[in-house]
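data-v7.txt, holding compact mmCIF, C-alpha atoms:
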```
# COMPACT_ATOMS: atom_id res chain seq x y z
CA MET A 1 0.00 0.00 0.00
CA LEU A 2 1.13 3.52 -0.79
CA LEU A 3 1.92 5.90 2.05
CA GLY A 4 -1.23 7.20 3.74
CA HIS A 5 -3.71 5.46 1.44
CA THR A 6 -6.00 3.89 4.06
CA GLN A 7 -9.37 4.39 2.33
CA ASP A 8 -10.56 5.93 5.59
CA PRO A 9 -13.22 8.51 4.57
CA LEU A 10 -12.22 10.81 7.46
CA TRP A 11 -8.40 10.60 7.25
CA PRO A 12 -6.11 12.41 6.58
CA ALA A 13 -9.02 14.80 5.96
CA PRO A 14 -12.72 14.23 5.23
CA GLU A 15 -13.26 12.78 1.75
CA GLU A 16 -15.66 15.59 0.88
CA ALA A 17 -12.96 18.18 1.60
CA LEU A 18 -10.43 16.20 -0.44
CA GLU A 19 -12.84 16.00 -3.38
CA ASP A 20 -13.56 19.73 -3.20
CA ALA A 21 -9.83 20.45 -3.28
CA ARG A 22 -9.34 18.07 -6.23
CA LEU A 23 -12.12 19.87 -8.08
CA PHE A 24 -10.30 23.17 -7.44
CA LEU A 25 -7.16 21.71 -9.03
CA ARG A 26 -9.03 20.18 -11.99
CA GLU A 27 -10.71 23.51 -12.70
CA GLN A 28 -7.29 25.11 -13.28
CA ARG A 29 -6.89 23.47 -16.71
CA GLY A 30 -5.37 26.06 -19.04
CA ARG A 31 -5.01 28.60 -16.24
CA ARG A 32 -1.93 30.25 -14.70
CA VAL A 33 -1.60 29.09 -11.12
CA LEU A 34 0.83 30.27 -8.46
CA VAL A 35 2.07 27.60 -6.08
CA ALA A 36 3.42 29.02 -2.81
CA PRO A 37 4.96 26.43 -0.47
CA HIS A 38 6.62 26.85 2.90
CA THR A 39 10.41 26.59 2.68
CA ASP A 40 10.97 23.58 4.95
CA VAL A 41 11.15 20.09 3.44
CA ASP A 42 7.51 19.33 4.20
CA GLY A 43 6.45 22.53 2.47
CA LEU A 44 8.75 22.17 -0.53
CA THR A 45 7.76 18.55 -1.18
CA SER A 46 4.11 19.62 -0.90
CA GLY A 47 4.87 22.28 -3.49
CA VAL A 48 6.42 19.80 -5.93
CA LEU A 49 3.43 17.47 -5.55
CA ALA A 50 1.03 20.34 -6.26
CA LEU A 51 3.07 21.45 -9.28
CA ARG A 52 3.05 17.91 -10.72
CA ALA A 53 -0.71 17.60 -10.20
CA LEU A 54 -1.42 20.97 -11.82
CA GLU A 55 0.76 20.02 -14.79
CA ALA A 56 -1.16 16.74 -15.06
CA VAL A 57 -4.54 18.50 -15.26
CA GLY A 58 -3.26 20.90 -17.93
CA ALA A 59 -2.67 24.01 -15.83
CA ARG A 60 0.31 26.35 -16.19
CA PRO A 61 1.77 26.43 -12.68
CA LEU A 62 4.55 28.64 -11.38
CA ALA A 63 6.23 28.26 -7.99
CA ARG A 64 6.93 31.30 -5.84
CA VAL A 65 8.88 30.75 -2.61
CA PRO A 66 8.78 33.16 0.35
CA GLY A 67 12.04 34.88 1.25
CA LYS A 68 14.04 34.78 4.46
CA GLY A 69 11.74 35.30 7.43
CA GLU A 70 8.67 35.47 5.18
CA HIS A 71 5.50 33.39 4.86
CA ALA A 72 2.13 33.61 3.13
CA HIS A 73 0.98 36.45 5.39
CA SER A 74 4.09 38.62 5.04
CA PRO A 75 3.27 41.87 3.17
CA ALA A 76 6.45 41.71 1.07
CA PHE A 77 5.72 38.17 -0.09
CA GLN A 78 2.07 39.00 -0.77
CA GLU A 79 3.22 41.88 -2.94
CA ARG A 80 5.31 39.45 -5.02
CA LEU A 81 2.35 37.08 -5.28
CA ARG A 82 0.30 39.93 -6.77
CA ALA A 83 2.94 40.65 -9.42
CA GLY A 84 2.03 39.31 -12.85
CA ALA A 85 -1.23 37.97 -14.23
CA HIS A 86 -2.37 34.80 -12.48
CA ASP A 87 -5.70 33.02 -12.19
CA ALA A 88 -5.38 31.11 -8.92
CA LEU A 89 -3.15 30.47 -5.92
CA VAL A 90 -2.28 27.30 -4.02
CA VAL A 91 -0.70 27.87 -0.58
CA LEU A 92 0.92 24.91 1.13
CA ASP A 93 1.96 24.43 4.77
CA MET A 94 1.62 28.08 5.80
CA GLY A 95 -1.97 29.28 5.51
CA SER A 96 -3.38 28.73 8.99
CA ARG A 97 -4.16 32.35 9.86
CA GLY A 98 -7.38 34.28 9.68
CA ALA A 99 -6.07 37.01 7.39
CA PRO A 100 -6.38 37.31 3.60
CA ILE A 101 -3.41 36.37 1.41
CA VAL A 102 -4.25 37.68 -2.09
CA PRO A 103 -7.99 38.38 -1.89
CA GLU A 104 -8.51 38.78 -5.63
CA LEU A 105 -7.11 35.31 -6.43
CA PRO A 106 -9.13 32.11 -5.95
CA THR A 107 -7.06 30.30 -3.33
CA LEU A 108 -6.64 26.75 -2.09
CA VAL A 109 -4.92 26.35 1.30
CA VAL A 110 -3.45 22.96 2.22
CA ASP A 111 -2.24 22.85 5.82
CA HIS A 112 -1.94 20.88 9.04
CA HIS A 113 -1.11 23.46 11.71
CA ARG A 114 -3.39 24.02 14.65
CA SER A 115 -5.70 26.91 13.94
CA GLU A 116 -9.31 27.92 14.30
CA GLU A 117 -8.97 30.54 11.56
CA PHE A 118 -7.98 30.44 7.91
CA PRO A 119 -7.81 33.09 5.18
CA PRO A 120 -11.33 34.38 4.48
CA GLY A 121 -12.69 33.31 1.12
CA ALA A 122 -10.06 30.61 0.61
CA GLN A 123 -10.88 26.97 0.08
CA VAL A 124 -9.18 25.08 2.91
CA LEU A 125 -7.98 21.51 3.18
CA THR A 126 -6.58 20.82 6.64
CA ALA A 127 -5.42 17.66 8.37
CA ASN A 128 -5.61 19.19 11.81
CA GLY A 129 -7.99 17.58 14.24
CA ARG A 130 -7.74 14.03 12.86
CA GLU A 131 -5.24 11.80 14.59
CA PRO A 132 -2.59 11.08 13.68
CA ILE A 133 -2.37 14.56 12.16
CA ALA A 134 -0.85 14.19 8.71
CA ASN A 135 1.89 16.60 7.68
CA SER A 136 1.28 18.81 4.66
CA SER A 137 3.16 16.75 2.07
CA LEU A 138 1.36 13.56 3.07
CA LEU A 139 -1.98 15.38 2.92
CA THR A 140 -1.04 16.80 -0.49
CA TYR A 141 0.04 13.37 -1.71
CA VAL A 142 -3.32 11.82 -0.82
CA LEU A 143 -5.04 14.83 -2.40
CA VAL A 144 -3.26 14.61 -5.76
CA SER A 145 -2.94 10.82 -6.08
CA PRO A 146 -6.08 10.48 -8.27
CA LEU A 147 -4.70 13.18 -10.60
CA VAL A 148 -1.23 11.72 -11.19
CA VAL A 149 0.55 8.38 -11.27
CA PRO A 150 1.16 8.31 -7.51
CA GLY A 151 3.83 5.63 -7.14
CA PRO A 152 6.74 7.60 -8.63
CA LEU A 153 5.89 10.58 -6.40
CA GLU A 154 5.60 8.70 -3.11
CA TRP A 155 9.21 9.50 -2.16
CA LEU A 156 8.31 13.20 -1.92
CA ALA A 157 5.63 12.51 0.69
CA VAL A 158 8.03 10.19 2.52
CA MET A 159 10.66 12.92 2.71
CA GLY A 160 8.20 15.52 3.95
CA THR A 161 6.84 13.14 6.57
CA VAL A 162 10.27 12.17 7.86
CA ALA A 163 11.37 15.83 7.89
CA ASP A 164 8.33 16.98 9.87
CA LEU A 165 7.53 14.01 12.08
CA GLY A 166 10.50 11.64 12.02
CA ALA A 167 11.14 8.21 10.54
CA THR A 168 9.01 6.48 13.19
CA ALA A 169 5.94 8.69 12.81
CA PRO A 170 2.64 6.76 13.17
CA MET A 171 1.63 7.31 9.55
CA PRO A 172 -0.01 4.41 7.71
CA PHE A 173 2.48 2.40 5.64
CA LEU A 174 5.39 4.75 6.38
CA LYS A 175 7.74 1.88 7.22
CA ASP A 176 7.31 0.22 3.83
CA ALA A 177 7.29 3.53 1.95
CA LEU A 178 10.51 4.57 3.67
CA LYS A 179 12.10 1.28 2.67
CA ARG A 180 11.07 1.87 -0.96
CA ALA A 181 12.47 5.41 -0.93
CA GLY A 182 15.67 4.36 0.86
CA ARG A 183 15.95 5.34 4.52
CA LYS A 184 19.54 6.56 4.31
CA ALA A 185 18.90 8.54 1.13
CA VAL A 186 15.81 10.15 2.65
CA THR A 187 17.46 11.23 5.90
CA GLU A 188 20.53 12.58 4.09
CA SER A 189 18.40 14.49 1.57
CA VAL A 190 16.21 15.95 4.32
CA ALA A 191 19.29 17.29 6.11
CA LEU A 192 20.63 18.87 2.91
CA LEU A 193 17.35 20.47 1.88
CA ASN A 194 16.57 21.84 5.33
CA ALA A 195 20.05 23.36 5.51
CA ALA A 196 19.27 25.43 2.42
CA ARG A 197 16.68 27.59 4.20
CA ARG A 198 18.56 27.62 7.49
CA SER A 199 21.77 28.91 5.93
CA SER A 200 22.49 32.63 6.04
CA ARG A 201 22.47 32.60 2.23
CA PHE A 202 18.85 31.31 2.29
CA ALA A 203 18.98 28.88 -0.62
CA ALA A 204 15.37 27.65 -0.36
CA PRO A 205 14.64 28.47 -4.04
CA LEU A 206 17.59 26.28 -5.01
CA ALA A 207 16.31 23.49 -2.75
CA LEU A 208 13.01 23.58 -4.65
CA GLU A 209 14.89 23.40 -7.96
CA VAL A 210 16.83 20.38 -6.70
CA LEU A 211 13.59 18.63 -5.74
CA LEU A 212 12.07 19.37 -9.13
CA ARG A 213 15.11 17.95 -10.93
CA ALA A 214 15.26 14.79 -8.81
CA GLY A 215 13.36 11.58 -9.42
CA SER A 216 14.24 10.02 -6.09
CA ALA A 217 15.80 10.80 -2.73
CA ALA A 218 18.97 9.05 -3.92
CA ASP A 219 19.31 11.57 -6.75
CA ILE A 220 19.81 14.21 -4.06
CA SER A 221 21.79 12.26 -1.47
CA GLU A 222 24.21 11.01 -4.15
CA GLY A 223 24.52 14.39 -5.88
CA ARG A 224 23.09 13.28 -9.22
CA VAL A 225 21.29 16.58 -9.88
CA PRO A 226 22.73 20.12 -10.12
CA GLY A 227 22.69 22.24 -7.00
CA VAL A 228 23.46 19.60 -4.38
CA ASP A 229 27.01 20.91 -3.94
CA VAL A 230 25.59 24.23 -2.72
CA LEU A 231 23.32 22.38 -0.29
CA HIS A 232 26.41 20.68 1.18
CA ASP A 233 27.99 24.10 1.74
CA CYS A 234 24.81 25.28 3.48
CA ARG A 235 24.83 22.23 5.70
CA LEU A 236 28.42 22.82 6.83
CA GLU A 237 27.62 26.43 7.70
CA VAL A 238 24.54 25.45 9.69
CA GLN A 239 26.45 22.76 11.58
CA ARG A 240 29.12 25.28 12.57
CA GLU A 241 26.54 27.83 13.68
CA VAL A 242 24.54 25.33 15.71
CA ALA A 243 27.70 24.20 17.51
CA ARG A 244 28.70 27.81 18.22
CA CYS A 245 25.33 29.09 19.38
CA ALA A 246 24.56 25.99 21.46
CA ARG A 247 27.56 26.89 23.64
CA THR A 248 25.64 29.94 24.90
CA PRO A 249 25.06 29.55 28.64
CA PRO A 250 21.34 29.46 29.48
CA ARG A 251 19.57 31.84 31.87
CA PHE A 252 16.91 30.32 34.12
CA ALA A 253 13.57 31.51 35.47
CA GLY A 254 11.85 28.64 37.24
CA ASN A 255 11.36 25.83 34.72
CA VAL A 256 12.07 28.10 31.74
CA ALA A 257 15.54 28.35 30.16
CA LEU A 258 16.51 31.19 27.81
CA LEU A 259 19.45 31.07 25.41
CA LEU A 260 20.13 34.41 23.76
CA PHE A 261 22.56 34.55 20.82
CA SER A 262 23.09 36.15 17.41
CA SER A 263 23.41 34.35 14.08
CA GLU A 264 22.33 35.16 10.53
CA ALA A 265 21.49 31.47 10.10
CA GLN A 266 18.15 30.02 11.21
CA VAL A 267 19.63 27.86 13.93
CA HIS A 268 17.36 28.81 16.83
CA PRO A 269 15.02 25.81 16.35
CA LEU A 270 17.97 23.41 16.29
CA VAL A 271 19.53 24.99 19.38
CA ALA A 272 16.17 24.74 21.16
CA VAL A 273 15.90 21.03 20.32
CA ARG A 274 19.45 20.37 21.52
CA TRP A 275 18.93 22.14 24.85
CA ALA A 276 15.50 20.57 25.38
CA GLN A 277 17.28 17.23 25.37
CA ARG A 278 19.77 18.50 27.95
CA LEU A 279 17.04 20.06 30.12
CA PRO A 280 14.11 17.64 29.80
CA GLU A 281 12.09 19.23 32.62
CA HIS A 282 12.37 22.75 31.23
CA ILE A 283 10.72 24.89 28.59
CA VAL A 284 13.58 26.04 26.36
CA ILE A 285 13.52 29.37 24.52
CA ALA A 286 16.30 29.77 21.94
CA ALA A 287 16.32 33.41 20.87
CA ASN A 288 18.29 34.65 17.87
CA ALA A 289 18.92 38.41 17.68
CA GLY A 290 20.86 38.13 14.42
CA TYR A 291 18.50 36.38 12.02
CA LEU A 292 16.55 39.45 10.86
CA PRO A 293 17.53 43.11 11.35
CA GLY A 294 15.75 44.76 14.26
CA ARG A 295 13.97 41.59 15.35
CA VAL A 296 14.46 38.64 17.66
CA ASN A 297 13.39 35.28 16.26
CA PHE A 298 12.87 32.56 18.82
CA ALA A 299 11.97 28.89 18.98
CA MET A 300 10.48 27.01 21.92
CA ARG A 301 10.76 23.31 22.65
CA SER A 302 10.27 21.08 25.68
CA ARG A 303 10.35 17.39 26.42
CA ALA A 304 7.97 17.98 29.31
CA PRO A 305 4.25 17.43 28.58
CA VAL A 306 3.40 21.10 28.17
CA ASP A 307 1.37 22.98 25.56
CA LEU A 308 3.81 25.68 24.51
CA ILE A 309 1.26 27.75 22.63
CA ALA A 310 -0.96 27.77 25.71
CA PHE A 311 2.06 28.78 27.79
CA LEU A 312 2.70 31.79 25.54
CA LYS A 313 -0.93 32.84 25.44
CA GLY A 314 -1.11 32.55 29.21
CA LEU A 315 1.57 35.18 29.77
CA ASP A 316 0.51 38.66 30.86
CA LEU A 317 1.34 40.38 27.58
CA PRO A 318 -0.17 43.04 25.33
CA PRO A 319 -0.98 41.91 21.76
CA MET A 320 2.24 40.64 20.20
CA GLY A 321 1.04 40.60 16.57
CA GLU A 322 0.75 37.78 14.07
CA GLU A 323 4.35 36.54 14.46
CA PHE A 324 3.80 35.06 17.89
CA ALA A 325 2.61 31.68 19.19
CA ASN A 326 2.05 29.96 15.86
CA GLY A 327 2.87 26.40 14.89
CA HIS A 328 2.30 23.40 17.13
CA ALA A 329 1.66 22.77 20.81
CA ARG A 330 5.09 21.13 21.11
CA ALA A 331 6.99 23.34 18.66
CA THR A 332 6.27 27.05 18.53
CA GLY A 333 8.01 30.40 18.64
CA GLY A 334 7.83 33.77 16.98
CA SER A 335 9.50 36.85 15.57
CA LEU A 336 9.28 40.02 17.64
CA SER A 337 10.69 43.51 17.57
CA GLN A 338 13.49 44.02 20.07
CA GLU A 339 11.17 45.97 22.36
CA ASP A 340 8.43 43.33 22.24
CA PHE A 341 10.91 40.54 22.86
CA ILE A 342 12.13 42.30 26.01
CA ARG A 343 8.48 42.54 27.15
CA PHE A 344 8.00 38.84 26.39
CA ALA A 345 11.18 37.86 28.25
CA ASP A 346 10.13 39.94 31.23
CA ALA A 347 6.73 38.22 31.36
CA ALA A 348 8.46 34.82 31.15
CA GLY A 349 10.56 35.71 34.19
CA PHE A 350 13.73 37.11 32.60
CA ARG A 351 13.68 40.64 33.93
CA GLY A 352 16.27 43.31 33.27
CA LEU A 353 17.10 42.65 29.61
CA ARG A 354 18.13 45.78 27.71
CA THR A 355 18.13 46.66 24.02
CA PHE A 356 21.89 46.08 24.07
CA ASP A 357 21.24 42.44 24.99
CA VAL A 358 19.16 41.81 21.86
CA GLU A 359 21.21 43.68 19.27
CA ARG A 360 22.39 41.95 16.14
CA ARG A 361 26.04 41.00 16.53
CA GLY A 362 27.02 39.26 13.31
CA ALA A 363 28.98 36.11 13.98
CA PHE A 364 29.42 36.56 17.70
CA PRO A 365 27.19 34.99 20.34
CA GLY A 366 25.08 37.19 22.55
```
Hey, can you dump this file as C-alpha cells for me?
Amino acid sequence: MLLGHTQDPLWPAPEEALEDARLFLREQRGRRVLVAPHTDVDGLTSGVLALRALEAVGARPLARVPGKGEHAHSPAFQERLRAGAHDALVVLDMGSRGAPIVPELPTLVVDHHRSEEFPPGAQVLTANGREPIANSSLLTYVLVSPLVVPGPLEWLAVMGTVADLGATAPMPFLKDALKRAGRKAVTESVALLNAARRSSRFAAPLALEVLLRAGSAADISEGRVPGVDVLHDCRLEVQREVARCARTPPRFAGNVALLLFSSEAQVHPLVAVRWAQRLPEHIVIAANAGYLPGRVNFAMRSRAPVDLIAFLKGLDLPPMGEEFANGHARATGGSLSQEDFIRFADAAGFRGLRTFDVERRGAFPG
C-alpha cells in the first residue's frame, strides 16, 4: 500500500474536503496558477506534488517561494504574489491564519497546523484535528494521487513526513514507503534540503529546484542533480553555527531556560531542540537576535508534557502581533521587535534585559 492510502473517509481529511480540493485543481486546466509552499522540506515537497498535479490537469503552474523570514501572510511576499497575471493560488503548509493572502485570487490552502482561523474566502484543506495529524506533504500526496501516477511521487511525501515528524511517525504504511524510498537517502536528503533555508544565504529556491530535478531521494543524497554541492555548503555552515550558538550559557527563570545569541542562520530551532534534550524538565527558549535586522526570532521546545502555545498565550502580555505563538503545541516560537521581545522575556521571568542584549552582533554569540 502507498503511504497514507488507508481508504478511511475521514483521514487524513474528510473525503468531501479532499474532493472539493481536487475539483479546485481540476478547474485550473489552461489557467496560470501560483504555487506558494513553505520553505521547509515538508512545504517544498508539498509544493512539488502540487506542481506535478497541476501540470497533469493541464494548468500552467509557477512556484513562488517566500524569502528569508517570510511566509504567506508577510506583506512583502504577498506583494510578489500579486505581481504578474495569475488566475489562482495554491498555498501549502503556511496558511493557517485568519487574514487574507491575495484576496482577488481564488485560493486553495493545504495545511496541518493548529488553527481555528484560515484566510477568508479561501478553500481550505486541513489535516488538523484528525489523529494522527498528517503533515502537509502527506496530505497533499493523498489529495493529488487520483490526478497523477502516484507511485513515482511517493518518495516526496516520505521525505516531507520524515522531515516533519521523524522516521518512526505513526503514519499508515510509512515503514514500507521509507524502505522503498531508501531510509539513508531520505534522511541525508532531508538534512541537505533543510540546511538550504537555514543557511544565512537562504537557498530555499535552489532546494526547490533540486527537488524538481530529482526523481528520487537518492538523486539528491548522491549528488546526481545540479545544486546539491551548494546544499552541502549550506549544511556545513549550519552545523558550525549550531555548535557555536549551542555553547551559549542558558539563563533560568523557574522551569524556563533562555538562550540568547546572534546568528544570521536560522539555527534557533535546532539549538532549542538540543537544549530541550539536555534540560528535559524545562521549557527552552532559543532566541536569535541576528537572524533578521531589528527583530528577535525565537523557537520554543520542551520534552515535558506542556502545551507551549498555551504557555505563551497565558503570559501577561499586550498583543504581540501575528508573528507570535504559531505552529504546534510542542513546537512554537515567533518573531518580535526588540522591544516586544524584552516585554515577552520579562513576562516569562527574565527581567532586566536591555536593548543592548538583543542587538544583532554578526557572527558573535550574545
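Nearest-residue note for A:Ala169: choosing from A:Glu359, A:Glu131, A:Glu188, A:Asp20, the minimum distance belongs to A:Glu131, counting all atoms listed in the file.
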query: From the set A:Ile220, A:Leu212, A:Val267, A:Ile285, which residue has the shortest atom-to-atom contact distance to A:Pro250, counting only C-alpha atoms?
result: A:Ile285
query: Taking all atoms listed in the file into account, which of A:Arg343, A:Gly294, A:Leu317, A:Asp307 comes nearest A:Arg114?
result: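 Using all atoms listed in the file, A:Arg114 sits closest to A:Asp307.
What separates atom CA of A:Leu315 from atom CA of A:Val271 is a distance of 23.1 Å.
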Pick from A:Ala265, A:Leu18, A:Leu259, A:Val35, whichever lies nearest to A:Gly290 using only C-alpha atoms: A:Ala265
message: Here is a test: counting all atoms listed in the file, which residue of A:His328, A:Arg224, A:His86, A:Arg295 is nearest to A:His112?
response: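 So, comparing all the options, the nearest one is A:His328.
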- prompt: Which is closest to A:His73 among A:Ala36, A:Met159, A:Leu292, A:Ala167, if we use all atoms listed in the file?
  reply: A:Ala36
Return as lines of an AutoDock Vina configuration file the box centre and box size in Å, one decimal, for an axis-aligned box around all listed atoms of stretch 6-20 of chain A padded by 4 Å per side.
```
center_x = -10.8
center_y = 11.8
center_z = 2.0
size_x = 17.7
size_y = 23.8
size_z = 18.8
```
Distance query A:Gly314 at most 12 Å, only C-alpha atoms, self and fewer than 4 positions along chain excluded, as an mmCIF file with C-alpha atoms, keeping the file's coordinate frame:
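This went into result_35.cif:
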```cif
data_model
loop_
_atom_site.group_PDB
_atom_site.id
_atom_site.type_symbol
_atom_site.label_atom_id
_atom_site.label_comp_id
_atom_site.auth_asym_id
_atom_site.auth_seq_id
_atom_site.Cartn_x
_atom_site.Cartn_y
_atom_site.Cartn_z
ATOM 1 C CA ASP A 307 1.370 22.980 25.560
ATOM 2 C CA LEU A 308 3.810 25.680 24.510
ATOM 3 C CA ILE A 309 1.260 27.750 22.630
ATOM 4 C CA ALA A 310 -0.960 27.770 25.710
ATOM 5 C CA PRO A 318 -0.170 43.040 25.330
ATOM 6 C CA PRO A 319 -0.980 41.910 21.760
ATOM 7 C CA ALA A 325 2.610 31.680 19.190
ATOM 8 C CA PHE A 344 8.000 38.840 26.390
ATOM 9 C CA ALA A 347 6.730 38.220 31.360
ATOM 10 C CA ALA A 348 8.460 34.820 31.150
#
```
- request: Might you pull out every residue within 10 Å of A:Val306, with all atoms listed in the file counted and same-chain residues fewer than 5 positions away left off, and present them as a list in words?
  value: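 Non-adjacent residues within range: Glu281, His282, Ile283, Arg301, Phe311, Ala329 and Arg330 of chain A.
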Spatial neighbours of stretch 3-15 of chain A, max dist 6 Å, all atoms listed in the file, sep filter under 4 positions, as a short mmCIF file (atom, residue, chain, number, x, y, z; two decimals) with C-alpha atoms, in the frame of the given file:
```cif
data_model
loop_
_atom_site.label_atom_id
_atom_site.label_comp_id
_atom_site.auth_asym_id
_atom_site.auth_seq_id
_atom_site.Cartn_x
_atom_site.Cartn_y
_atom_site.Cartn_z
CA ALA A 127 -5.42 17.66 8.37
CA ALA A 134 -0.85 14.19 8.71
CA PRO A 172 -0.01 4.41 7.71
CA PHE A 173 2.48 2.40 5.64
CA LEU A 174 5.39 4.75 6.38
CA ALA A 177 7.29 3.53 1.95
#
```
